[in-house]
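See below for model-v9.txt, which holds compact mmCIF, C-alpha atoms.
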```txt
# COMPACT_ATOMS: atom_id res chain seq x y z
CA MET A 582 -18.47 -11.65 -7.07
CA LYS A 583 -19.63 -14.53 -4.92
CA LYS A 584 -23.38 -14.69 -4.48
CA ASP A 585 -24.28 -17.94 -2.86
CA ARG A 586 -26.97 -16.62 -0.55
CA THR A 587 -30.60 -16.03 -1.37
CA SER A 588 -31.26 -12.52 -2.62
CA LYS A 589 -33.37 -11.55 0.37
CA PRO A 590 -31.25 -11.77 3.53
CA SER A 591 -32.80 -13.12 6.72
CA LYS A 592 -32.98 -10.98 9.83
CA GLY A 593 -29.93 -12.76 11.25
CA GLU A 594 -27.92 -12.07 8.12
CA ALA A 595 -28.93 -8.43 8.20
CA THR A 596 -27.78 -8.12 11.82
CA ARG A 597 -24.52 -9.83 10.98
CA ALA A 598 -23.94 -7.43 8.08
CA LYS A 599 -24.75 -4.46 10.32
CA ILE A 600 -22.17 -5.64 12.86
CA LEU A 601 -19.55 -5.99 10.14
CA ARG A 602 -20.20 -2.49 8.78
CA ALA A 603 -19.92 -1.03 12.27
CA ALA A 604 -16.66 -2.88 12.91
CA ILE A 605 -15.17 -1.65 9.62
CA ARG A 606 -16.19 1.92 10.42
CA MET A 607 -14.82 1.80 13.97
CA ILE A 608 -11.54 0.16 12.96
CA SER A 609 -11.03 2.74 10.24
CA ASP A 610 -11.57 5.54 12.79
CA GLN A 611 -9.69 4.23 15.78
CA GLY A 612 -7.49 1.42 14.57
CA PRO A 613 -8.06 -2.27 15.31
CA ASP A 614 -6.46 -2.33 18.73
CA ALA A 615 -8.69 0.39 20.16
CA VAL A 616 -11.90 -1.36 19.07
CA SER A 617 -13.40 -3.85 21.52
CA MET A 618 -16.37 -6.21 21.36
CA GLU A 619 -17.88 -4.07 24.10
CA SER A 620 -17.60 -0.82 22.12
CA ILE A 621 -19.12 -2.48 19.05
CA ALA A 622 -22.05 -3.82 21.06
CA ASP A 623 -22.54 -0.41 22.70
CA GLY A 624 -22.33 1.43 19.40
CA LEU A 625 -25.03 -0.77 17.88
CA GLY A 626 -27.21 -1.00 20.98
CA LEU A 627 -26.82 -4.80 21.05
CA THR A 628 -26.28 -6.92 24.13
CA LYS A 629 -22.84 -8.51 24.38
CA PRO A 630 -24.26 -12.08 24.35
CA LEU A 631 -26.03 -11.29 21.08
CA LEU A 632 -22.82 -9.94 19.54
CA TYR A 633 -20.96 -13.08 20.70
CA TYR A 634 -23.70 -15.19 19.13
CA TYR A 635 -22.66 -13.82 15.73
CA PHE A 636 -18.88 -13.68 16.28
CA LYS A 637 -17.19 -15.84 18.87
CA ASN A 638 -14.49 -13.23 19.60
CA LYS A 639 -12.81 -10.14 18.23
CA GLU A 640 -10.38 -12.18 16.13
CA ALA A 641 -13.27 -13.98 14.40
CA LEU A 642 -14.94 -10.65 13.72
CA ILE A 643 -11.79 -9.19 12.20
CA GLU A 644 -11.23 -12.31 10.09
CA GLU A 645 -14.67 -11.66 8.68
CA VAL A 646 -13.89 -7.95 8.13
CA PHE A 647 -10.91 -9.07 6.04
CA GLU A 648 -13.07 -11.58 4.17
CA GLU A 649 -15.77 -9.04 3.53
CA THR A 650 -13.45 -6.32 2.25
CA SER A 651 -11.57 -8.73 0.02
CA ARG A 652 -14.56 -10.64 -1.32
CA GLU A 653 -16.32 -7.47 -2.35
CA SER A 654 -13.25 -5.64 -3.52
CA GLY A 655 -12.17 -7.97 -6.25
CA GLY A 656 -10.51 -10.76 -4.35
CA ASP A 657 -12.67 -13.54 -5.72
CA TRP A 658 -10.69 -15.20 -8.47
CA ALA A 659 -13.10 -17.99 -9.35
CA ALA A 660 -14.01 -16.32 -12.66
CA ALA A 661 -10.46 -16.75 -13.90
CA LEU A 662 -10.71 -20.53 -13.88
CA ASP A 663 -13.13 -20.22 -16.80
CA ARG A 664 -10.81 -20.63 -19.78
CA SER A 665 -12.65 -18.08 -21.89
CA VAL A 666 -11.70 -15.25 -19.50
CA THR A 667 -8.66 -13.33 -20.74
CA LEU A 668 -6.11 -11.68 -18.45
CA GLU A 669 -7.33 -8.30 -19.68
CA ALA A 670 -10.97 -9.07 -18.81
CA LEU A 671 -9.97 -10.48 -15.45
CA VAL A 672 -7.92 -7.44 -14.44
CA ARG A 673 -10.57 -5.04 -15.69
CA GLY A 674 -13.23 -6.83 -13.64
CA MET A 675 -11.12 -7.07 -10.50
CA LEU A 676 -10.04 -3.44 -10.51
CA GLY A 677 -13.50 -2.26 -11.47
CA SER A 678 -15.24 -4.03 -8.61
CA ARG A 679 -12.57 -2.96 -6.17
CA MET A 680 -12.97 0.71 -7.08
CA LYS A 681 -16.73 0.45 -6.91
CA PHE A 682 -16.47 -1.20 -3.50
CA PHE A 683 -14.16 1.46 -2.06
CA ARG A 684 -16.37 4.22 -3.43
CA SER A 685 -19.50 2.86 -1.81
CA ASN A 686 -17.67 1.80 1.38
CA PRO A 687 -15.29 4.71 1.90
CA GLU A 688 -14.09 3.39 5.24
CA ALA A 689 -12.94 0.02 3.89
CA ALA A 690 -9.65 1.20 2.37
CA LYS A 691 -8.60 2.90 5.59
CA CYS A 692 -9.68 -0.12 7.59
CA LEU A 693 -7.43 -2.33 5.45
CA LEU A 694 -4.48 0.07 5.83
CA LYS A 695 -4.96 0.06 9.59
CA LEU A 696 -5.09 -3.72 9.75
CA TYR A 697 -2.01 -4.03 7.53
CA SER A 698 -0.01 -1.72 9.74
CA ALA A 699 -0.98 -3.30 13.07
CA PRO A 700 2.01 -3.72 15.44
CA GLU A 701 3.93 -6.92 14.88
CA SER A 702 3.18 -8.02 18.43
CA SER A 703 -0.57 -7.92 17.75
CA PRO A 704 -2.43 -11.08 16.65
CA LEU A 705 -3.92 -8.86 13.94
CA SER A 706 -0.55 -8.54 12.32
CA ARG A 707 -0.29 -12.31 11.92
CA MET A 708 -3.83 -12.33 10.57
CA ALA A 709 -2.87 -9.70 8.00
CA ASP A 710 0.25 -11.67 7.03
CA LYS A 711 -1.86 -14.79 6.58
CA ARG A 712 -4.47 -12.98 4.53
CA ILE A 713 -1.87 -11.40 2.25
CA ALA A 714 -0.20 -14.78 1.81
CA ARG A 715 -3.52 -16.44 1.01
CA HIS A 716 -4.44 -13.85 -1.58
CA ALA A 717 -0.99 -13.88 -3.12
CA GLY A 718 -1.30 -17.66 -3.29
CA ALA A 719 -4.74 -17.52 -4.92
CA LEU A 720 -3.51 -15.07 -7.54
CA LYS A 721 -0.46 -17.25 -8.17
CA LYS A 722 -2.70 -20.24 -8.84
CA VAL A 723 -4.88 -18.24 -11.22
CA MET A 724 -1.88 -16.98 -13.20
CA ALA A 725 -0.36 -20.46 -13.31
CA ALA A 726 -3.65 -21.77 -14.76
CA MET A 727 -3.66 -19.01 -17.38
CA GLU A 728 -0.10 -19.82 -18.32
CA SER A 729 -0.68 -23.57 -18.49
CA ASP A 730 -3.72 -23.29 -20.77
CA GLY A 731 -1.98 -20.80 -23.04
CA ARG A 732 -3.89 -17.65 -22.20
CA ILE A 733 -0.63 -15.93 -21.30
CA PRO A 734 2.82 -16.85 -22.71
CA PRO A 735 5.16 -19.37 -21.07
CA GLY A 736 7.10 -17.84 -18.22
CA SER A 737 4.87 -14.80 -17.76
CA ALA A 738 2.69 -15.89 -14.82
CA GLU A 739 4.99 -14.49 -12.14
CA ASP A 740 5.27 -11.05 -13.71
CA ALA A 741 1.51 -10.93 -14.36
CA ARG A 742 0.90 -11.70 -10.71
CA LEU A 743 3.24 -8.93 -9.54
CA LEU A 744 1.84 -6.28 -11.88
CA VAL A 745 -1.73 -7.11 -10.89
CA ARG A 746 -0.85 -7.00 -7.20
CA GLY A 747 0.85 -3.65 -7.78
CA VAL A 748 -2.20 -1.94 -9.24
CA MET A 749 -4.52 -3.57 -6.69
CA THR A 750 -2.34 -2.31 -3.83
CA LEU A 751 -2.15 1.15 -5.35
CA THR A 752 -5.95 1.45 -5.19
CA ILE A 753 -5.85 1.21 -1.37
CA PHE A 754 -3.42 4.14 -0.99
CA GLU A 755 -5.00 6.19 -3.72
CA PHE A 756 -8.48 5.85 -2.42
CA GLN A 757 -7.44 6.61 1.13
CA HIS A 758 -5.44 9.71 0.24
CA SER A 759 -7.28 11.25 -2.70
CA ARG A 760 -10.47 9.28 -3.35
CA PHE A 761 -9.01 8.31 -6.76
CA ALA A 762 -8.72 11.99 -7.76
CA ASN A 763 -5.43 11.24 -9.53
CA PHE A 764 -6.80 8.28 -11.43
CA PRO A 765 -8.23 8.63 -14.94
CA PRO A 766 -11.92 7.61 -15.00
CA ASP A 767 -11.05 4.56 -17.12
CA PHE A 768 -8.23 3.43 -14.80
CA ALA A 769 -9.39 -0.22 -14.63
CA ASP A 770 -9.67 -0.45 -18.39
CA ARG A 771 -6.29 1.15 -19.07
CA MET A 772 -4.39 -0.91 -16.55
CA ALA A 773 -6.04 -4.08 -17.87
CA ARG A 774 -4.88 -3.26 -21.41
CA ARG A 775 -1.37 -2.26 -20.33
CA ILE A 776 -0.83 -5.29 -18.14
CA ALA A 777 -2.10 -7.60 -20.87
CA ALA A 778 0.32 -5.94 -23.32
CA ALA A 779 3.21 -6.18 -20.86
CA VAL A 780 2.57 -9.84 -20.23
CA SER A 781 2.28 -10.84 -23.88
CA ALA A 782 5.39 -8.87 -24.94
CA ARG A 783 8.37 -10.93 -26.19
CA MET B 555 20.50 9.22 -5.06
CA LYS B 556 21.17 12.76 -3.91
CA LYS B 557 24.61 13.30 -2.46
CA ASP B 558 25.15 16.96 -1.96
CA ARG B 559 26.93 16.69 1.35
CA THR B 560 30.61 16.07 1.91
CA SER B 561 31.36 12.39 2.35
CA LYS B 562 32.45 12.78 5.98
CA PRO B 563 29.48 14.05 8.01
CA SER B 564 30.04 16.61 10.74
CA LYS B 565 29.18 15.75 14.34
CA GLY B 566 25.95 17.75 14.03
CA GLU B 567 24.91 15.82 10.94
CA ALA B 568 25.65 12.53 12.66
CA THR B 569 23.47 13.53 15.63
CA ARG B 570 20.70 14.63 13.29
CA ALA B 571 20.87 11.28 11.46
CA LYS B 572 20.83 9.41 14.77
CA ILE B 573 17.66 11.29 15.80
CA LEU B 574 15.99 10.46 12.49
CA ARG B 575 16.81 6.76 12.80
CA ALA B 576 15.42 6.67 16.33
CA ALA B 577 12.24 8.44 15.23
CA ILE B 578 11.71 5.98 12.36
CA ARG B 579 12.24 3.03 14.69
CA MET B 580 9.91 4.37 17.36
CA ILE B 581 7.16 5.33 14.91
CA SER B 582 7.32 1.90 13.32
CA ASP B 583 6.94 0.28 16.77
CA GLN B 584 4.33 2.48 18.35
CA GLY B 585 2.76 4.54 15.59
CA PRO B 586 3.28 8.26 15.03
CA ASP B 587 0.74 9.48 17.57
CA ALA B 588 2.31 7.62 20.49
CA VAL B 589 5.79 9.01 19.83
CA SER B 590 6.65 12.33 21.52
CA MET B 591 9.67 14.61 21.37
CA GLU B 592 10.18 13.73 25.03
CA SER B 593 10.29 9.98 24.39
CA ILE B 594 12.74 10.47 21.51
CA ALA B 595 15.04 12.64 23.67
CA ASP B 596 14.81 10.10 26.50
CA GLY B 597 15.48 7.17 24.20
CA LEU B 598 18.65 8.79 22.86
CA GLY B 599 19.82 10.27 26.15
CA LEU B 600 19.64 13.79 24.70
CA THR B 601 18.35 16.88 26.48
CA LYS B 602 15.09 18.24 25.09
CA PRO B 603 16.65 21.62 24.16
CA LEU B 604 19.26 19.79 22.09
CA LEU B 605 16.57 17.79 20.29
CA TYR B 606 14.63 21.01 19.60
CA TYR B 607 17.84 22.55 18.27
CA TYR B 608 17.76 19.97 15.47
CA PHE B 609 13.99 19.82 14.88
CA LYS B 610 11.74 22.68 15.88
CA ASN B 611 8.79 20.39 16.68
CA LYS B 612 7.42 16.90 16.12
CA GLU B 613 5.83 17.88 12.79
CA ALA B 614 9.19 19.08 11.46
CA LEU B 615 10.80 15.84 12.58
CA ILE B 616 8.15 13.73 10.86
CA GLU B 617 8.41 15.81 7.68
CA GLU B 618 12.06 14.88 7.69
CA VAL B 619 11.27 11.20 8.35
CA PHE B 620 9.11 11.29 5.22
CA GLU B 621 11.86 13.05 3.25
CA GLU B 622 14.48 10.62 4.44
CA THR B 623 12.48 7.48 3.64
CA SER B 624 11.47 8.77 0.23
CA ARG B 625 14.82 10.24 -0.78
CA GLU B 626 16.63 7.03 0.03
CA SER B 627 13.95 4.70 -1.25
CA GLY B 628 13.86 5.79 -4.84
CA GLY B 629 11.89 9.00 -4.69
CA ASP B 630 14.54 11.17 -6.27
CA TRP B 631 13.58 11.58 -9.89
CA ALA B 632 16.29 13.99 -10.97
CA ALA B 633 18.04 11.27 -12.99
CA ALA B 634 15.05 10.99 -15.30
CA LEU B 635 15.50 14.51 -16.60
CA ASP B 636 18.67 13.29 -18.34
CA ARG B 637 17.36 12.45 -21.82
CA SER B 638 19.58 9.41 -22.17
CA VAL B 639 17.82 7.60 -19.32
CA THR B 640 15.18 5.18 -20.59
CA LEU B 641 11.97 4.35 -18.74
CA GLU B 642 13.31 0.84 -18.21
CA ALA B 643 16.55 2.09 -16.64
CA LEU B 644 14.67 4.59 -14.50
CA VAL B 645 12.25 2.01 -13.09
CA ARG B 646 15.02 -0.51 -12.50
CA GLY B 647 17.03 2.08 -10.60
CA MET B 648 14.12 3.32 -8.54
CA LEU B 649 12.88 -0.11 -7.53
CA GLY B 650 16.40 -1.35 -6.92
CA SER B 651 17.29 1.45 -4.52
CA ARG B 652 13.94 1.20 -2.77
CA MET B 653 14.39 -2.52 -2.10
CA LYS B 654 17.95 -1.99 -0.93
CA PHE B 655 16.78 0.79 1.38
CA PHE B 656 13.99 -1.29 2.96
CA ARG B 657 16.35 -4.24 3.41
CA SER B 658 18.93 -2.17 5.24
CA ASN B 659 16.30 -0.13 7.13
CA PRO B 660 13.70 -2.78 7.96
CA GLU B 661 11.66 -0.38 10.07
CA ALA B 662 11.17 2.18 7.29
CA ALA B 663 8.42 0.32 5.41
CA LYS B 664 6.37 -0.12 8.55
CA CYS B 665 6.97 3.49 9.52
CA LEU B 666 5.59 4.61 6.14
CA LEU B 667 2.54 2.36 6.48
CA LYS B 668 1.88 3.77 9.94
CA LEU B 669 2.17 7.35 8.73
CA TYR B 670 -0.09 6.65 5.74
CA SER B 671 -2.79 5.19 7.95
CA ALA B 672 -2.76 7.95 10.59
CA PRO B 673 -6.28 9.05 11.64
CA GLU B 674 -7.76 11.71 9.36
CA SER B 675 -8.04 14.07 12.32
CA SER B 676 -4.26 13.94 12.87
CA PRO B 677 -2.00 16.58 11.27
CA LEU B 678 0.10 13.60 10.16
CA SER B 679 -2.66 12.52 7.84
CA ARG B 680 -2.57 15.85 6.01
CA MET B 681 1.21 15.58 5.87
CA ALA B 682 0.91 12.12 4.31
CA ASP B 683 -1.67 13.40 1.80
CA LYS B 684 0.65 16.25 0.86
CA ARG B 685 3.64 13.99 0.50
CA ILE B 686 1.77 11.52 -1.69
CA ALA B 687 0.49 14.39 -3.83
CA ARG B 688 3.99 15.84 -4.17
CA HIS B 689 5.48 12.52 -5.21
CA ALA B 690 2.65 11.78 -7.61
CA GLY B 691 3.22 15.25 -9.08
CA ALA B 692 6.98 14.70 -9.42
CA LEU B 693 6.45 11.38 -11.17
CA LYS B 694 3.85 12.99 -13.45
CA LYS B 695 6.37 15.65 -14.48
CA VAL B 696 9.03 13.03 -15.18
CA MET B 697 6.70 10.96 -17.34
CA ALA B 698 5.49 14.05 -19.21
CA ALA B 699 9.12 14.93 -19.96
CA MET B 700 9.76 11.41 -21.24
CA GLU B 701 6.69 11.60 -23.44
CA SER B 702 7.51 15.03 -24.80
CA ASP B 703 11.06 14.12 -25.79
CA GLY B 704 9.94 10.88 -27.38
CA ARG B 705 11.34 8.37 -24.92
CA ILE B 706 7.85 6.92 -24.47
CA PRO B 707 5.04 7.04 -27.07
CA PRO B 708 2.48 9.85 -27.26
CA GLY B 709 -0.32 9.39 -24.76
CA SER B 710 1.50 6.85 -22.57
CA ALA B 711 2.74 9.08 -19.73
CA GLU B 712 -0.31 8.65 -17.53
CA ASP B 713 -0.31 4.86 -17.73
CA ALA B 714 3.45 4.73 -17.15
CA ARG B 715 2.99 6.83 -14.03
CA LEU B 716 0.26 4.56 -12.67
CA LEU B 717 2.13 1.31 -13.34
CA VAL B 718 5.28 2.66 -11.70
CA ARG B 719 3.35 3.87 -8.67
CA GLY B 720 1.70 0.45 -8.44
CA VAL B 721 4.95 -1.50 -8.20
CA MET B 722 6.47 1.10 -5.86
CA THR B 723 3.48 0.86 -3.53
CA LEU B 724 3.56 -2.92 -3.63
CA THR B 725 7.11 -2.93 -2.25
CA ILE B 726 5.88 -1.31 1.00
CA PHE B 727 3.28 -4.01 1.70
CA GLU B 728 5.48 -6.83 0.51
CA PHE B 729 8.43 -5.83 2.58
CA GLN B 730 6.33 -5.28 5.66
CA HIS B 731 4.52 -8.60 5.44
CA SER B 732 7.05 -11.00 3.97
CA ARG B 733 10.41 -9.22 3.62
CA PHE B 734 10.10 -9.69 -0.17
CA ALA B 735 9.91 -13.47 0.22
CA ASN B 736 7.34 -13.64 -2.60
CA PHE B 737 9.39 -11.51 -4.96
CA PRO B 738 11.77 -13.05 -7.49
CA PRO B 739 15.36 -11.90 -6.84
CA ASP B 740 15.33 -9.91 -10.08
CA PHE B 741 12.02 -8.18 -9.30
CA ALA B 742 13.28 -4.67 -10.15
CA ASP B 743 14.70 -5.82 -13.46
CA ARG B 744 11.59 -7.77 -14.48
CA MET B 745 9.15 -5.04 -13.59
CA ALA B 746 11.31 -2.48 -15.44
CA ARG B 747 11.20 -4.62 -18.59
CA ARG B 748 7.49 -5.36 -18.33
CA ILE B 749 6.49 -1.78 -17.68
CA ALA B 750 8.65 -0.56 -20.56
CA ALA B 751 6.99 -3.14 -22.83
CA ALA B 752 3.50 -2.18 -21.62
CA VAL B 753 4.14 1.49 -22.23
CA SER B 754 5.58 1.08 -25.69
CA ALA B 755 2.82 -1.30 -26.84
CA ARG B 756 0.43 0.03 -29.55
```
Structure encoded using structure tokens:
Amino acid sequence: MKKDRTSKPSKGEATRAKILRAAIRMISDQGPDAVSMESIADGLGLTKPLLYYYFKNKEALIEEVFEETSRESGGDWAAALDRSVTLEALVRGMLGSRMKFFRSNPEAAKCLLKLYSAPESSPLSRMADKRIARHAGALKKVMAAMESDGRIPPGSAEDARLLVRGVMTLTIFEFQHSRFANFPPDFADRMARRIAAAVSAR
Amino acid sequence: MKKDRTSKPSKGEATRAKILRAAIRMISDQGPDAVSMESIADGLGLTKPLLYYYFKNKEALIEEVFEETSRESGGDWAAALDRSVTLEALVRGMLGSRMKFFRSNPEAAKCLLKLYSAPESSPLSRMADKRIARHAGALKKVMAAMESDGRIPPGSAEDARLLVRGVMTLTIFEFQHSRFANFPPDFADRMARRIAAAVSAR
């Protein structure tokens, strides 16, 4: 997980974080289109100019909601560029932090689902497309690196990428609809082992 | 795929199918809450009594939308109860028909996403929960049968179920956001082989 800020956040950072949490909660309740800068400011008792000081418009705020949910839910692949990290360890870590994030931010999974299903005419839909493409691209790069330095066999990067994306996507639906009730407690560990086995087979 | 009707549909069945298609299209555009029985009747030039003759209310219509999208997109597991069907063949078939279905019904993936992200207060949300639970249960039964008759190793049913659900779920997002542009053309075949290898490992 990225941690490039000092451990004690400034007052400005705390306000920014509070705004983000409120936006995630409101989007998960009402959907992205129904949420306005005005309703966020009202809900938090902030003035509109202060809200605009932190986020220049609603699009910028939602970009940051995407960033926040993905950064903290296992979307930071930097660890994988360390050649001592195996595919199994990587998947275990990614799934583990994602599940932990959804559990302590129960509205985040629903917020993501809502953003992903925004109408095609909405700018949010293009933002979601872009974000999915960026993450798919990042994962592709990571798997290509693993293949090229021999951590996974030749020709397996593409399948590894697809299997990992499959289990990551499943966590969104499963959290939203059953709070992981149908997952074994060691889900992250099992999937990591199975995917590693699948990828090294033949 | 189930096919328990005669090959030439009656006029009533054709009307019923036309209503379902319209409902899927309208839900995928506007979301389930914005679509009313009235707007569906208007859109098709049907009288309201005729629409209610086919579907007793909006909930019944949406139940059928769920059934239709899942039946035709690889949710019919009956084939797996035939002991000669391997896990690999099953997954290949399921993914293959799902991708074919989304390609020829481009609005179905978005319609599913919209239904899955309905507000928790909406009856649709409970319907989505129920449907997900039913499908998860059906897949669980299939994998248990495969394990008990030795088609997959002891103790592997749960992981098989989760991997299959992962790749099935991924198809919804991937179709919606890139029309499978990031999938290799032999996606179904590759995932079937990888999942079979993962499940039989160790």
Select all residues from chain A having any atom no more than 6 Å from an atom of chain B (counting all atoms listed in the file, ignoring ligands), output as a PDB file with C-alpha atoms, in the frame of the given file.
```
ATOM      1  CA  LEU A 694      -4.480   0.070   5.830  1.00  0.00           C
ATOM      2  CA  LYS A 695      -4.960   0.060   9.590  1.00  0.00           C
ATOM      3  CA  SER A 698      -0.010  -1.720   9.740  1.00  0.00           C
ATOM      4  CA  ASP A 710       0.250 -11.670   7.030  1.00  0.00           C
ATOM      5  CA  GLY A 747       0.850  -3.650  -7.780  1.00  0.00           C
ATOM      6  CA  VAL A 748      -2.200  -1.940  -9.240  1.00  0.00           C
ATOM      7  CA  THR A 750      -2.340  -2.310  -3.830  1.00  0.00           C
ATOM      8  CA  LEU A 751      -2.150   1.150  -5.350  1.00  0.00           C
ATOM      9  CA  HIS A 758      -5.440   9.710   0.240  1.00  0.00           C
ATOM     10  CA  ARG A 775      -1.370  -2.260 -20.330  1.00  0.00           C
ATOM     11  CA  ALA A 778       0.320  -5.940 -23.320  1.00  0.00           C
ATOM     12  CA  ALA A 779       3.210  -6.180 -20.860  1.00  0.00           C
TER      13      ALA A 779
END
```
Find the residues around Leu668 in chain A up to 8 Å (only C-alpha atoms counted), leave out those fewer than 5 positions away in its own chain, and share them as a PDB file with C-alpha atoms, keeping the file's coordinate frame.
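around-v8.pdb was written with the following content:
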```
ATOM      1  CA  MET A 727      -3.660 -19.010 -17.380  1.00  0.00           C
ATOM      2  CA  ARG A 732      -3.890 -17.650 -22.200  1.00  0.00           C
ATOM      3  CA  ILE A 733      -0.630 -15.930 -21.300  1.00  0.00           C
ATOM      4  CA  ALA A 773      -6.040  -4.080 -17.870  1.00  0.00           C
ATOM      5  CA  ALA A 777      -2.100  -7.600 -20.870  1.00  0.00           C
TER       6      ALA A 777
END
```
**OP:** Could you tell me how far CA of Glu669 in chain A lies from CA of Asp770 in chain A, in Å and to one decimal?
**Re:** 8.3 Å
Subject >> Atomic separation - CA of Gly650 in chain B relative to CA of Glu728 in chain A, Å >> reply: 27.3 Å
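Straight-line separation from CA of Tyr606 in chain B to CA of Phe656 in chain B: 27.8 Å.
Considering the residues A:Ala603, A:Ala595, A:Leu632, A:Ile643 and counting all atoms listed in the file, Met708 in chain A has its shortest atom-to-atom contact with A:Ile643.
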Original post:
Which polymer residues, protein or nucleic acid, are no farther than 12 Å from (-11.1, -10.4, 16.3), counting all atoms listed in the file, as an NGL selection string?
Top reply: :A and (601 or 604-605 or 608 or 613-618 or 621 or 633 or 636-647 or 696 or 703-709)
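Residues lying within 10 Å of Arg602 in chain A, counting only C-alpha atoms and ignoring same-chain neighbours fewer than 3 positions away, are Thr596, Arg597, Ala598, Lys599, Ile605, Arg606, Met607, Ile608, Val646, Glu649, Asn686, Glu688 and Ala689 of chain A.
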Subject >> Minimum-distance residue to Arg733 in chain B, chosen among B:Met653, B:Leu644, B:Ala634, B:Ala595 (using all atoms listed in the file) >> reply: B:Met653
Take every atom of range 665-675 of chain A listed in the file, pad by 4 Å on each side, and give me the axis-aligned box centre and edge lengths in Å, one decimal, as lines of an AutoDock Vina configuration file.
```
center_x = -9.7
center_y = -11.6
center_z = -16.2
size_x = 15.1
size_y = 21.0
size_z = 19.4
```
How about completing range 747-761 of chain A with N, CA and C atoms and giving it to me as an mmCIF file, in the frame of the given file?
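What ended up in rebuild-v5.cif:
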```
data_model
loop_
_atom_site.group_PDB
_atom_site.id
_atom_site.type_symbol
_atom_site.label_atom_id
_atom_site.label_comp_id
_atom_site.auth_asym_id
_atom_site.auth_seq_id
_atom_site.Cartn_x
_atom_site.Cartn_y
_atom_site.Cartn_z
ATOM 1 N N GLY A 747 0.442 -5.046 -7.864
ATOM 2 C CA GLY A 747 0.850 -3.650 -7.780
ATOM 3 C C GLY A 747 -0.325 -2.704 -7.957
ATOM 4 N N VAL A 748 -1.088 -2.880 -9.027
ATOM 5 C CA VAL A 748 -2.200 -1.940 -9.240
ATOM 6 C C VAL A 748 -3.309 -2.122 -8.214
ATOM 7 N N MET A 749 -3.514 -3.355 -7.735
ATOM 8 C CA MET A 749 -4.520 -3.570 -6.690
ATOM 9 C C MET A 749 -4.098 -2.847 -5.391
ATOM 10 N N THR A 750 -2.828 -2.958 -5.046
ATOM 11 C CA THR A 750 -2.340 -2.310 -3.830
ATOM 12 C C THR A 750 -2.437 -0.792 -3.953
ATOM 13 N N LEU A 751 -2.090 -0.300 -5.123
ATOM 14 C CA LEU A 751 -2.150 1.150 -5.350
ATOM 15 C C LEU A 751 -3.553 1.709 -5.072
ATOM 16 N N THR A 752 -4.589 0.938 -5.407
ATOM 17 C CA THR A 752 -5.950 1.450 -5.190
ATOM 18 C C THR A 752 -6.209 1.749 -3.706
ATOM 19 N N ILE A 753 -5.621 0.980 -2.803
ATOM 20 C CA ILE A 753 -5.850 1.210 -1.370
ATOM 21 C C ILE A 753 -5.300 2.591 -0.977
ATOM 22 N N PHE A 754 -4.045 2.849 -1.316
ATOM 23 C CA PHE A 754 -3.420 4.140 -0.990
ATOM 24 C C PHE A 754 -4.137 5.284 -1.672
ATOM 25 N N GLU A 755 -4.430 5.102 -2.944
ATOM 26 C CA GLU A 755 -5.000 6.190 -3.720
ATOM 27 C C GLU A 755 -6.396 6.537 -3.272
ATOM 28 N N PHE A 756 -7.150 5.515 -2.895
ATOM 29 C CA PHE A 756 -8.480 5.850 -2.420
ATOM 30 C C PHE A 756 -8.376 6.580 -1.096
ATOM 31 N N GLN A 757 -7.563 6.041 -0.203
ATOM 32 C CA GLN A 757 -7.440 6.610 1.130
ATOM 33 C C GLN A 757 -6.965 8.066 1.088
ATOM 34 N N HIS A 758 -6.043 8.376 0.180
ATOM 35 C CA HIS A 758 -5.440 9.710 0.240
ATOM 36 C C HIS A 758 -5.994 10.700 -0.768
ATOM 37 N N SER A 759 -6.740 10.257 -1.758
ATOM 38 C CA SER A 759 -7.280 11.250 -2.700
ATOM 39 C C SER A 759 -8.607 10.823 -3.311
ATOM 40 N N ARG A 760 -9.205 9.748 -2.797
ATOM 41 C CA ARG A 760 -10.470 9.280 -3.350
ATOM 42 C C ARG A 760 -10.390 9.091 -4.872
ATOM 43 N N PHE A 761 -9.243 8.569 -5.335
ATOM 44 C CA PHE A 761 -9.010 8.310 -6.760
ATOM 45 C C PHE A 761 -8.943 9.573 -7.615
#
```
